[in-house]
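Here the structure is laid out as structure tokens; the discussion comes afterwards.
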Amino acid sequence: MVARHVVILRALFFKAGLFMRGMSQDVTPKPIDWSVLKTLFPYLLEFRTRIALAVVCLVLAKLASVGLPFILKHIVDGLDANDASQLITLPLGLLLAYGVVRFSNVLFGELRDTLFGRVTERAMRRIGLKVFRHLHALDLDFHLNRRTGGLSRDIERGTNGISFLLRFMVFNILPTLLEIGMVIGLLLWNYDAWFALIVAVAVVAYVGFSIFATEWRLAFIREANQAESSSSTRAIDSLLNYETVKYFTNEEFEARHYDENLERWELARGKNRLSLFALNAGQSLIIAAAVTAAMIMAAVQVTDKVMTLGDFVLINAFMMQVFMPLNFLGFVYREMKGAMTNIENMFAVMDVEPGVVDREGATELAVGDGEIRFHDVHFGYGDTRNIIRGVSFTVPSRQKVAIVGSSGAGKSTLFKLLFRFYDVSSGDITIDGQSIRQVSQTSLRQQIGVVPQDTVLFNTSIFENVRYGRIDASDEEVREAIRLAYLSDFIASLPKGENTMVGERGLKLSGGEKQRVSIARALLKHPPIMVFDEATSSLDSHSEKIILKAISDISHQQSTLVIAHRLSTIMDADRIIVLDNGQVAEQGSHAELLARGGLYAHLWEVQQHESESTDRLN
């Protein structure tokens with residue numbers, strides 16, 4: 001089961017279940033929101049001709065299906081005839097006709113499924129892509145609160161549920177009901193009304209019982225789905241944090257929690273299985289009673305010479321023909337209810353509105369000098385956690401400005417506001433005089449290169465990871481970015497060179513190597529604004545020197561904002577902004593701030609003391 005969960009996680013990133021923020025955990029039965037089906041209609045209308053042809057094949061298949069019992073009746077009556085001349089010619093022709101009609105029934109049914117299969121697959125593709133794009137459009141807050149394992153299960157079950165509804169409800173449930181209506185009409189027209197009444201009562205009883213029992217067991221379906229999502233979430237979360245589990249030897253702790261989730265899943269599945277047994281038993285009882293009653297009545301009428309032996313066979317064939325698809329209809333209805341539950345969960349993701357959206361009529365950001373201004377910016381996470389309080393400063397064109405301060409001072413939050421992961425509560429941020437809230441997010445982010453503190457790479461080659469900075473770049477441009485990031489010597493030392501695979505999340509590379517790949521990406525993007533978010537905070541001295549050299553080279557060409565913890569890394573900055581408790585405490589050059597003897601000088605003294613202590617220990 002763990003292996004399946006890993007496959008599910010990988011599948012999420014390619015196509016597009018979660019106990020996500022705002023999703024109900026209630027397992028009590030509730031009415032299905034049938035309005036979600038309206039969202040499927042546009043995907044069906046894309047192939048109007050195919051759907052029309054599929055409907056024609058459907059009608060022809062049902063006509064052939066209803067005609068079969070009549071041919072069978074005449075075959076039996078012909079074989080039962082006393083006229084020896086008809087014993088050979090009549091049944092032989094009817095047998096050939098029976099074979100042709102039966103083949104036509106299967107052929108038109110297969111043609112229907114083939115024609116509509118393209119519609120279903122295209123709808124799944126369109127919806128899967130829409131969900132995938134929506135997930136990328138959601139704000140950072142959603143992704144910080146999501147639980148990937150459960151989310152992947154909900155999306156997988158939701159897309160499968162849509163496939164089920166499109167294929168079975170549209171081309172199985174309605175045709176089955178149509179066929180039942182045709183059979184009841186033919187029985188009423190040709191035979192005793194009691195036969196039609198038996199079928200009608202049995203169908204009503206069957207459908208009523210199926211609906212009642214399915215609604216009753218829906219709680220067990222929801223409980224099983226949520227238990228499976230919970231176990232998936234726990235498994236993937238644990239596997240993604242494999243190293244942390246090993247650091248603290250908590251394998252048994254993780255296994256115990258995983259088994260607790262699996263136990264809930266096992267119990268829920270047991271309830272689901274028992275309720276399914278009760279449903280199937282009740283349905284079978286209704287069908288058996290109806291068929292038995294009809295056959296007894298037919299046998300009596302054959303004995304009384306009211307009906308022929310062929311009529312008896314026809315009645316039996318009609319009863320089987322009605323109740324076999326009706327039994328399938330019960331299965332479809334049960335699965336449809338489960339599918340609708342799964343679709344609800346997937347569309348709950350689609351209902352989540354991003355916290356940051358482009359304003360109507362948003363323009364494209366046009367960057368000339370690349371000057372950044374923060375104007376009295378306020379921001380807080382929720383109503384109780386104020387992070388930024390009236391911050392104002394400027395990053396002049398082609399200058400390097402550093403932001404420093406103690407942990408929690410709001411350094412990285414300023415970068416997230418500039419990149420519009422969040423919108424400011426009040427105040428404004430402008431680039432060359434243009435408010436970033438008035439321009440499109442895409443155009444804003446295209447103008448900013450980012451080297452984050454924690455670089456996560458894709459599980460592909462170093463070369464392709466660098467190319468991700470600008471996917472249409474030529475090989476020569478990628479290699480130039482690699483050279484500027486001082487990554488060439490390292491790549492040359494690898495047996496496979498630039499084709500070396502970096503592993504999931506880049507785990508095969510060291511922190512410094514990943515940072516240089518990140519810098520190469522940003523350089524390849526060639527933006528007018530660069531942001532370094534504590535890019536050297538966890539590196540060794542050698543790696544730090546290399547990256548600082550790359551940053552220094554970049555800062556002469558672009559407007560550069562450096563968020564730093566180590567003050568020694570930003571001594572050459574044109575201006576240093578010192579944050580304290582979400583406010584600008586002081587600003588100036590390194591020398592000016594030291595001479596002022598304020599907060600920066602205190603932080604410098606503390607870090608120098610820590611550095612000397614570390615050197616003595618080494």
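Letters A, B, ... mark the chains of the structure tokens in the order given; residue numbers begin at 1 per chain; ligand numbers begin at 1, in order shown.
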So which residues of segment 470-578 of chain A fall under alpha helix (DSSP H) by DSSP, listed as a PyMOL selection string? chain A and resi 475-484+488-492+511-525+541-555
Gly503 of chain A surroundings by only C-alpha atoms, 10 Å radius, close-in-sequence under 2 positions cut, as number ranges by chain: A: 457-462, 500-501, 505-509
Quick one: contact table of segment 161-237 of chain A to segment 68-77 of chain A, 12 Å max, nearest atom pair and distance in Å to one decimal per residue, counting only C-alpha atoms, chain and number order, as JSON lines?
{"residue": "A:Val183", "atom": "CA", "partner": "A:Pro69", "partner_atom": "CA", "distance": 10.4}
{"residue": "A:Leu186", "atom": "CA", "partner": "A:Phe70", "partner_atom": "CA", "distance": 10.4}
{"residue": "A:Leu187", "atom": "CA", "partner": "A:Phe70", "partner_atom": "CA", "distance": 11.4}
{"residue": "A:Asn190", "atom": "CA", "partner": "A:Phe70", "partner_atom": "CA", "distance": 11.1}
List as a CSV table (one decimal) with C-alpha atoms, in the first residue's frame the protein and nucleic acid residues near segment 559-574 of chain A, meaning an atom at most 10 Å away when only C-alpha atoms are counted, but skip any in the same chain fewer than 4 places from it.
chain,number,residue,atom,x,y,z
A,369,ASP,CA,15.4,51.2,-14.3
A,370,GLY,CA,14.2,48.5,-11.9
A,371,GLU,CA,13.7,50.8,-8.9
A,372,ILE,CA,11.7,49.2,-6.0
A,395,VAL,CA,16.1,49.8,-3.8
A,396,PRO,CA,17.6,52.1,-6.4
A,397,SER,CA,18.3,50.9,-9.9
A,398,ARG,CA,21.3,48.6,-10.3
A,399,GLN,CA,22.1,48.8,-6.6
A,400,LYS,CA,22.4,46.1,-4.0
A,401,VAL,CA,20.2,46.6,-0.9
A,402,ALA,CA,20.4,44.1,2.0
A,403,ILE,CA,17.7,43.4,4.6
A,404,VAL,CA,18.9,42.1,7.9
A,405,GLY,CA,17.5,41.5,11.4
A,406,SER,CA,16.9,38.9,14.0
A,407,SER,CA,14.7,35.8,13.3
A,411,LYS,CA,12.8,39.8,6.3
A,412,SER,CA,11.5,36.9,4.2
A,414,LEU,CA,9.0,41.4,2.5
A,415,PHE,CA,10.2,39.2,-0.3
A,448,ILE,CA,12.1,39.0,-10.7
A,449,GLY,CA,14.8,36.3,-10.4
A,450,VAL,CA,14.8,34.4,-7.1
A,451,VAL,CA,17.5,32.4,-5.3
A,452,PRO,CA,15.6,30.9,-2.3
A,453,GLN,CA,17.1,29.8,0.9
A,527,PRO,CA,15.6,39.5,-15.0
A,528,PRO,CA,16.1,43.2,-14.2
A,529,ILE,CA,15.5,42.5,-10.5
A,530,MET,CA,17.2,39.8,-8.4
A,531,VAL,CA,16.3,38.6,-4.9
A,532,PHE,CA,18.5,36.4,-2.7
A,533,ASP,CA,16.6,35.0,0.3
A,534,GLU,CA,19.3,34.0,2.8
A,535,ALA,CA,21.0,32.1,0.0
A,536,THR,CA,24.1,31.4,2.1
A,537,SER,CA,22.7,30.9,5.5
A,538,SER,CA,23.5,27.1,5.7
A,544,GLU,CA,29.7,30.7,0.6
A,545,LYS,CA,32.6,32.5,-1.0
A,547,ILE,CA,28.1,32.2,-4.2
A,548,LEU,CA,29.0,35.6,-2.8
A,551,ILE,CA,26.0,37.5,-6.2
A,552,SER,CA,28.5,40.4,-6.4
A,554,ILE,CA,25.1,40.0,-10.6
A,555,SER,CA,24.4,43.0,-8.4
A,588,GLY,CA,22.7,53.0,5.8
A,589,SER,CA,26.0,51.4,4.6
A,590,HIS,CA,27.9,48.9,6.6
A,591,ALA,CA,30.4,51.5,7.9
A,600,TYR,CA,23.2,46.6,13.5
A,603,LEU,CA,24.2,42.2,15.8
A,604,TRP,CA,27.6,42.6,14.2
A,607,GLN,CA,28.0,37.4,15.2
A,608,GLN,CA,31.7,38.3,15.3
Please provide the set of residues having any atom within 7 Å of segment 99-102 of chain A, restricted to only C-alpha atoms, with same-chain residues fewer than 3 positions apart removed, written as a list in words.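 Once the nearby chain positions are removed, what remains is Ala64, Leu68, Leu95, Leu96, Asn105 and Val106 of chain A.
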Nearest to Leu40 of chain A: which of A:Tyr381, A:Phe312, A:Phe347, A:Tyr333 is it, counting only C-alpha atoms? A:Phe347
Contact residues around segment 432-445 of chain A with only C-alpha atoms at 8 Å, ignoring same-chain residues under 4 positions, as a JSON list (two decimals) with C-alpha atoms, in the first residue's frame:
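Result went into around_18.json, see below:
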[["chain", "number", "residue", "atom", "x", "y", "z"],
["A", 357, "VAL", "CA", -5.72, 37.58, -7.76],
["A", 358, "ASP", "CA", -5.12, 39.95, -10.63],
["A", 359, "ARG", "CA", -7.35, 43.00, -10.60],
["A", 362, "ALA", "CA", -4.40, 44.53, -14.78],
["A", 363, "THR", "CA", -1.61, 45.83, -17.00],
["A", 364, "GLU", "CA", 1.74, 44.30, -17.89],
["A", 365, "LEU", "CA", 4.67, 45.41, -15.73],
["A", 367, "VAL", "CA", 10.57, 47.58, -16.10],
["A", 368, "GLY", "CA", 13.10, 50.20, -17.13],
["A", 369, "ASP", "CA", 15.43, 51.18, -14.30],
["A", 370, "GLY", "CA", 14.15, 48.52, -11.91],
["A", 371, "GLU", "CA", 13.71, 50.80, -8.89],
["A", 372, "ILE", "CA", 11.73, 49.19, -6.05],
["A", 373, "ARG", "CA", 9.91, 51.22, -3.41],
["A", 418, "LEU", "CA", 7.28, 41.80, -3.39],
["A", 419, "PHE", "CA", 6.67, 38.54, -5.26],
["A", 420, "ARG", "CA", 2.94, 38.78, -4.43],
["A", 423, "ASP", "CA", -0.89, 41.19, -0.78],
["A", 428, "ASP", "CA", 2.04, 49.86, -1.47],
["A", 449, "GLY", "CA", 14.81, 36.33, -10.37]]
One decimal, in Å: what's the spacing between atom CA of Ser163 of chain A and atom CA of Glu215 of chain A?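 Between atom CA of Ser163 of chain A and atom CA of Glu215 of chain A the gap works out to 21.8 Å.
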Out of A:Ala193, A:Met295, A:Met346, A:Ala601, which residue has the shortest atom-to-atom distance to Lys130 of chain A when counting only C-alpha atoms?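 Counting only C-alpha atoms, the residue closest to Lys130 of chain A is A:Met346.
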Contact residues around Phe323 of chain A with only C-alpha atoms at 10 Å, ignoring same-chain residues under 6 positions, as a PDB file with C-alpha atoms, in the first residue's frame:
ATOM      1  CA  THR A 176     -31.543   0.830 -19.279  1.00  0.00           C
ATOM      2  CA  ILE A 180     -37.358  -1.268 -19.232  1.00  0.00           C
ATOM      3  CA  VAL A 199     -42.233  -5.937 -13.990  1.00  0.00           C
ATOM      4  CA  ALA A 202     -40.471  -5.098  -9.250  1.00  0.00           C
ATOM      5  CA  VAL A 203     -38.623  -2.201 -10.901  1.00  0.00           C
ATOM      6  CA  TYR A 206     -35.851  -2.511  -6.731  1.00  0.00           C
ATOM      7  CA  SER A 284     -31.564 -10.376  -5.460  1.00  0.00           C
ATOM      8  CA  ILE A 286     -36.769  -8.675  -5.338  1.00  0.00           C
ATOM      9  CA  ILE A 287     -35.525  -9.971  -8.709  1.00  0.00           C
ATOM     10  CA  ALA A 288     -36.037 -13.642  -7.771  1.00  0.00           C
ATOM     11  CA  ALA A 290     -40.549 -11.095  -9.689  1.00  0.00           C
ATOM     12  CA  VAL A 291     -39.068 -13.638 -12.105  1.00  0.00           C
ATOM     13  CA  LEU A 329     -28.281  -0.347 -12.790  1.00  0.00           C
TER      14      LEU A 329
END
Straight-line distance linking atom CA of Gln283 of chain A with atom CA of Ala224 of chain A, stated in Å to one decimal: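 Between these atoms lies a distance of 23.1 Å.
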Between atom CA of Phe108 of chain A and atom CA of Ala61 of chain A - distance in Å to one decimal: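 Atom CA of Ala61 of chain A sits 5.2 Å away from atom CA of Phe108 of chain A.
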Each residue of segment 259-375 of chain A lying at most 12 Å from segment 225-234 of chain A should get a row with its shortest atom-to-atom pair and the distance in Å to one decimal, counting only C-alpha atoms; could you produce that, ordered by chain and increasing number, as a tab-separated table?
residue	atom	partner	partner_atom	distance
A:Asp259	CA	A:Ser231	CA	8.1
A:Glu260	CA	A:Ser231	CA	8.4
A:Asn261	CA	A:Ser231	CA	5.1
A:Leu262	CA	A:Ser231	CA	6.1
A:Glu263	CA	A:Ala227	CA	8.7
A:Arg264	CA	A:Ala227	CA	6.0
A:Trp265	CA	A:Ala227	CA	4.7
A:Glu266	CA	A:Ala227	CA	8.5
A:Leu267	CA	A:Ala227	CA	9.4
A:Ala268	CA	A:Ala227	CA	7.5
A:Arg269	CA	A:Asn225	CA	9.1
A:Asn272	CA	A:Asn225	CA	10.6
A:Gly338	CA	A:Asn225	CA	9.3
A:Ala339	CA	A:Asn225	CA	11.0
A:Thr341	CA	A:Asn225	CA	9.3
A:Asn342	CA	A:Asn225	CA	8.5
A:Asn345	CA	A:Gln226	CA	10.4
Please, could you write that set of residues out with all heavy atoms as a tab-separated table (two decimals), in the first residue's frame?
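Dumped everything to selection11.tsv:
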chain	number	residue	atom	x	y	z
A	259	ASP	N	-0.31	2.42	11.03
A	259	ASP	CA	-1.17	1.26	11.27
A	259	ASP	C	-2.49	1.68	11.91
A	259	ASP	O	-3.53	1.07	11.66
A	259	ASP	CB	-0.45	0.25	12.17
A	259	ASP	CG	-1.22	-1.06	12.27
A	259	ASP	OD1	-1.58	-1.62	11.22
A	259	ASP	OD2	-1.47	-1.51	13.41
A	260	GLU	N	-2.47	2.72	12.74
A	260	GLU	CA	-3.73	3.22	13.32
A	260	GLU	C	-4.66	3.71	12.23
A	260	GLU	O	-5.88	3.47	12.26
A	260	GLU	CB	-3.43	4.33	14.32
A	260	GLU	CG	-2.78	3.85	15.61
A	260	GLU	CD	-2.36	5.01	16.50
A	260	GLU	OE1	-2.57	6.17	16.10
A	260	GLU	OE2	-1.81	4.74	17.59
A	261	ASN	N	-4.10	4.42	11.25
A	261	ASN	CA	-4.92	4.87	10.12
A	261	ASN	C	-5.42	3.69	9.29
A	261	ASN	O	-6.57	3.67	8.84
A	261	ASN	CB	-4.11	5.82	9.23
A	261	ASN	CG	-3.88	7.17	9.90
A	261	ASN	OD1	-4.77	7.70	10.53
A	261	ASN	ND2	-2.68	7.70	9.77
A	262	LEU	N	-4.54	2.70	9.09
A	262	LEU	CA	-4.95	1.52	8.34
A	262	LEU	C	-6.03	0.73	9.08
A	262	LEU	O	-6.91	0.13	8.46
A	262	LEU	CB	-3.74	0.62	8.07
A	262	LEU	CG	-2.71	1.13	7.07
A	262	LEU	CD1	-1.57	0.14	6.93
A	262	LEU	CD2	-3.34	1.40	5.72
A	263	GLU	N	-5.95	0.73	10.41
A	263	GLU	CA	-6.96	0.04	11.20
A	263	GLU	C	-8.33	0.69	11.00
A	263	GLU	O	-9.34	0.01	10.84
A	263	GLU	CB	-6.58	0.04	12.68
A	263	GLU	CG	-7.56	-0.72	13.56
A	263	GLU	CD	-7.18	-0.67	15.03
A	263	GLU	OE1	-6.30	0.14	15.39
A	263	GLU	OE2	-7.77	-1.43	15.82
A	264	ARG	N	-8.35	2.03	11.01
A	264	ARG	CA	-9.61	2.72	10.76
A	264	ARG	C	-10.13	2.40	9.36
A	264	ARG	O	-11.33	2.23	9.15
A	264	ARG	CB	-9.43	4.23	10.94
A	264	ARG	CG	-9.27	4.65	12.39
A	264	ARG	CD	-9.47	6.14	12.56
A	264	ARG	NE	-8.42	6.90	11.90
A	264	ARG	CZ	-7.29	7.26	12.49
A	264	ARG	NH1	-7.06	6.91	13.74
A	264	ARG	NH2	-6.38	7.96	11.84
A	265	TRP	N	-9.20	2.33	8.40
A	265	TRP	CA	-9.57	1.98	7.03
A	265	TRP	C	-10.14	0.56	6.98
A	265	TRP	O	-11.16	0.31	6.33
A	265	TRP	CB	-8.35	2.09	6.13
A	265	TRP	CG	-8.57	1.57	4.74
A	265	TRP	CD1	-9.17	2.20	3.69
A	265	TRP	CD2	-8.19	0.28	4.24
A	265	TRP	NE1	-9.19	1.41	2.58
A	265	TRP	CE2	-8.59	0.21	2.89
A	265	TRP	CE3	-7.54	-0.82	4.81
A	265	TRP	CZ2	-8.37	-0.91	2.11
A	265	TRP	CZ3	-7.33	-1.94	4.02
A	265	TRP	CH2	-7.74	-1.98	2.69
A	266	GLU	N	-9.49	-0.37	7.69
A	266	GLU	CA	-9.95	-1.76	7.70
A	266	GLU	C	-11.36	-1.87	8.28
A	266	GLU	O	-12.22	-2.56	7.74
A	266	GLU	CB	-8.98	-2.62	8.50
A	266	GLU	CG	-9.36	-4.10	8.56
A	266	GLU	CD	-8.42	-4.90	9.44
A	266	GLU	OE1	-7.60	-4.29	10.16
A	266	GLU	OE2	-8.52	-6.13	9.42
A	267	LEU	N	-11.60	-1.21	9.41
A	267	LEU	CA	-12.92	-1.25	10.03
A	267	LEU	C	-13.98	-0.63	9.13
A	267	LEU	O	-15.10	-1.14	9.01
A	267	LEU	CB	-12.88	-0.52	11.39
A	267	LEU	CG	-12.03	-1.19	12.48
A	267	LEU	CD1	-11.96	-0.29	13.71
A	267	LEU	CD2	-12.59	-2.56	12.84
A	268	ALA	N	-13.63	0.50	8.50
A	268	ALA	CA	-14.58	1.16	7.60
A	268	ALA	C	-14.90	0.27	6.40
A	268	ALA	O	-16.05	0.18	5.96
A	268	ALA	CB	-14.03	2.50	7.14
A	269	ARG	N	-13.88	-0.39	5.86
A	269	ARG	CA	-14.10	-1.29	4.73
A	269	ARG	C	-14.96	-2.48	5.14
A	269	ARG	O	-15.76	-2.97	4.35
A	269	ARG	CB	-12.75	-1.78	4.19
A	269	ARG	CG	-11.95	-0.71	3.46
A	269	ARG	CD	-12.54	-0.35	2.14
A	269	ARG	NE	-12.50	-1.45	1.21
A	269	ARG	CZ	-13.01	-1.41	-0.02
A	269	ARG	NH1	-13.60	-0.30	-0.44
A	269	ARG	NH2	-12.93	-2.44	-0.82
A	272	ASN	N	-18.45	-1.32	5.20
A	272	ASN	CA	-18.85	-1.13	3.81
A	272	ASN	C	-19.20	-2.47	3.17
A	272	ASN	O	-20.19	-2.59	2.43
A	272	ASN	CB	-17.71	-0.44	3.05
A	272	ASN	CG	-18.12	-0.02	1.66
A	272	ASN	OD1	-19.28	0.12	1.36
A	272	ASN	ND2	-17.14	0.16	0.80
A	338	GLY	N	-21.00	6.97	-4.85
A	338	GLY	CA	-19.62	7.09	-4.39
A	338	GLY	C	-18.82	8.04	-5.27
A	338	GLY	O	-18.01	8.83	-4.78
A	339	ALA	N	-19.06	7.96	-6.60
A	339	ALA	CA	-18.35	8.84	-7.52
A	339	ALA	C	-18.69	10.30	-7.26
A	339	ALA	O	-17.82	11.19	-7.32
A	339	ALA	CB	-18.69	8.47	-8.97
A	341	THR	N	-19.56	11.56	-4.43
A	341	THR	CA	-18.84	11.96	-3.21
A	341	THR	C	-17.41	12.33	-3.54
A	341	THR	O	-16.87	13.33	-3.04
A	341	THR	CB	-18.86	10.80	-2.19
A	341	THR	OG1	-20.21	10.48	-1.87
A	341	THR	CG2	-18.13	11.19	-0.92
A	342	ASN	N	-16.77	11.54	-4.41
A	342	ASN	CA	-15.39	11.82	-4.79
A	342	ASN	C	-15.29	13.11	-5.60
A	342	ASN	O	-14.34	13.89	-5.44
A	342	ASN	CB	-14.82	10.65	-5.59
A	342	ASN	CG	-14.75	9.37	-4.78
A	342	ASN	OD1	-14.60	9.42	-3.56
A	342	ASN	ND2	-14.86	8.24	-5.43
A	345	ASN	N	-15.35	16.14	-3.39
A	345	ASN	CA	-14.05	16.45	-2.77
A	345	ASN	C	-13.12	17.15	-3.75
A	345	ASN	O	-12.42	18.09	-3.39
A	345	ASN	CB	-13.40	15.15	-2.26
A	345	ASN	CG	-14.12	14.57	-1.08
A	345	ASN	OD1	-14.88	15.26	-0.40
A	345	ASN	ND2	-13.92	13.29	-0.82
Would you mind writing down, as an mmCIF file with N, CA and C atoms, in the first residue's frame, each residue of segment 170-380 of chain A that DSSP on the backbone assigns to strand (DSSP E or B)?
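Heads up, here's the output in part.cif:
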data_model
loop_
_atom_site.group_PDB
_atom_site.id
_atom_site.type_symbol
_atom_site.label_atom_id
_atom_site.label_comp_id
_atom_site.auth_asym_id
_atom_site.auth_seq_id
_atom_site.Cartn_x
_atom_site.Cartn_y
_atom_site.Cartn_z
ATOM 1 N N THR A 363 -2.526 45.568 -15.896
ATOM 2 C CA THR A 363 -1.612 45.829 -17.003
ATOM 3 C C THR A 363 -0.361 44.967 -16.877
ATOM 4 N N ILE A 372 12.770 49.779 -6.898
ATOM 5 C CA ILE A 372 11.733 49.194 -6.047
ATOM 6 C C ILE A 372 11.507 50.113 -4.856
ATOM 7 N N ARG A 373 10.239 50.392 -4.576
ATOM 8 C CA ARG A 373 9.906 51.224 -3.413
ATOM 9 C C ARG A 373 8.858 50.527 -2.553
ATOM 10 N N PHE A 374 9.114 50.491 -1.261
ATOM 11 C CA PHE A 374 8.133 50.059 -0.269
ATOM 12 C C PHE A 374 7.588 51.318 0.402
ATOM 13 N N HIS A 375 6.261 51.522 0.298
ATOM 14 C CA HIS A 375 5.636 52.723 0.830
ATOM 15 C C HIS A 375 4.763 52.370 2.034
ATOM 16 N N ASP A 376 5.226 52.606 3.227
ATOM 17 C CA ASP A 376 4.434 52.422 4.446
ATOM 18 C C ASP A 376 3.670 51.094 4.423
ATOM 19 N N VAL A 377 4.393 50.014 4.225
ATOM 20 C CA VAL A 377 3.795 48.688 4.051
ATOM 21 C C VAL A 377 3.449 48.077 5.405
ATOM 22 N N HIS A 378 2.206 47.600 5.512
ATOM 23 C CA HIS A 378 1.744 46.847 6.680
ATOM 24 C C HIS A 378 1.262 45.483 6.207
ATOM 25 N N PHE A 379 1.517 44.467 7.009
ATOM 26 C CA PHE A 379 1.059 43.123 6.652
ATOM 27 C C PHE A 379 1.038 42.234 7.886
ATOM 28 N N GLY A 380 0.049 41.334 7.932
ATOM 29 C CA GLY A 380 -0.041 40.363 9.015
ATOM 30 C C GLY A 380 -0.699 39.095 8.548
#
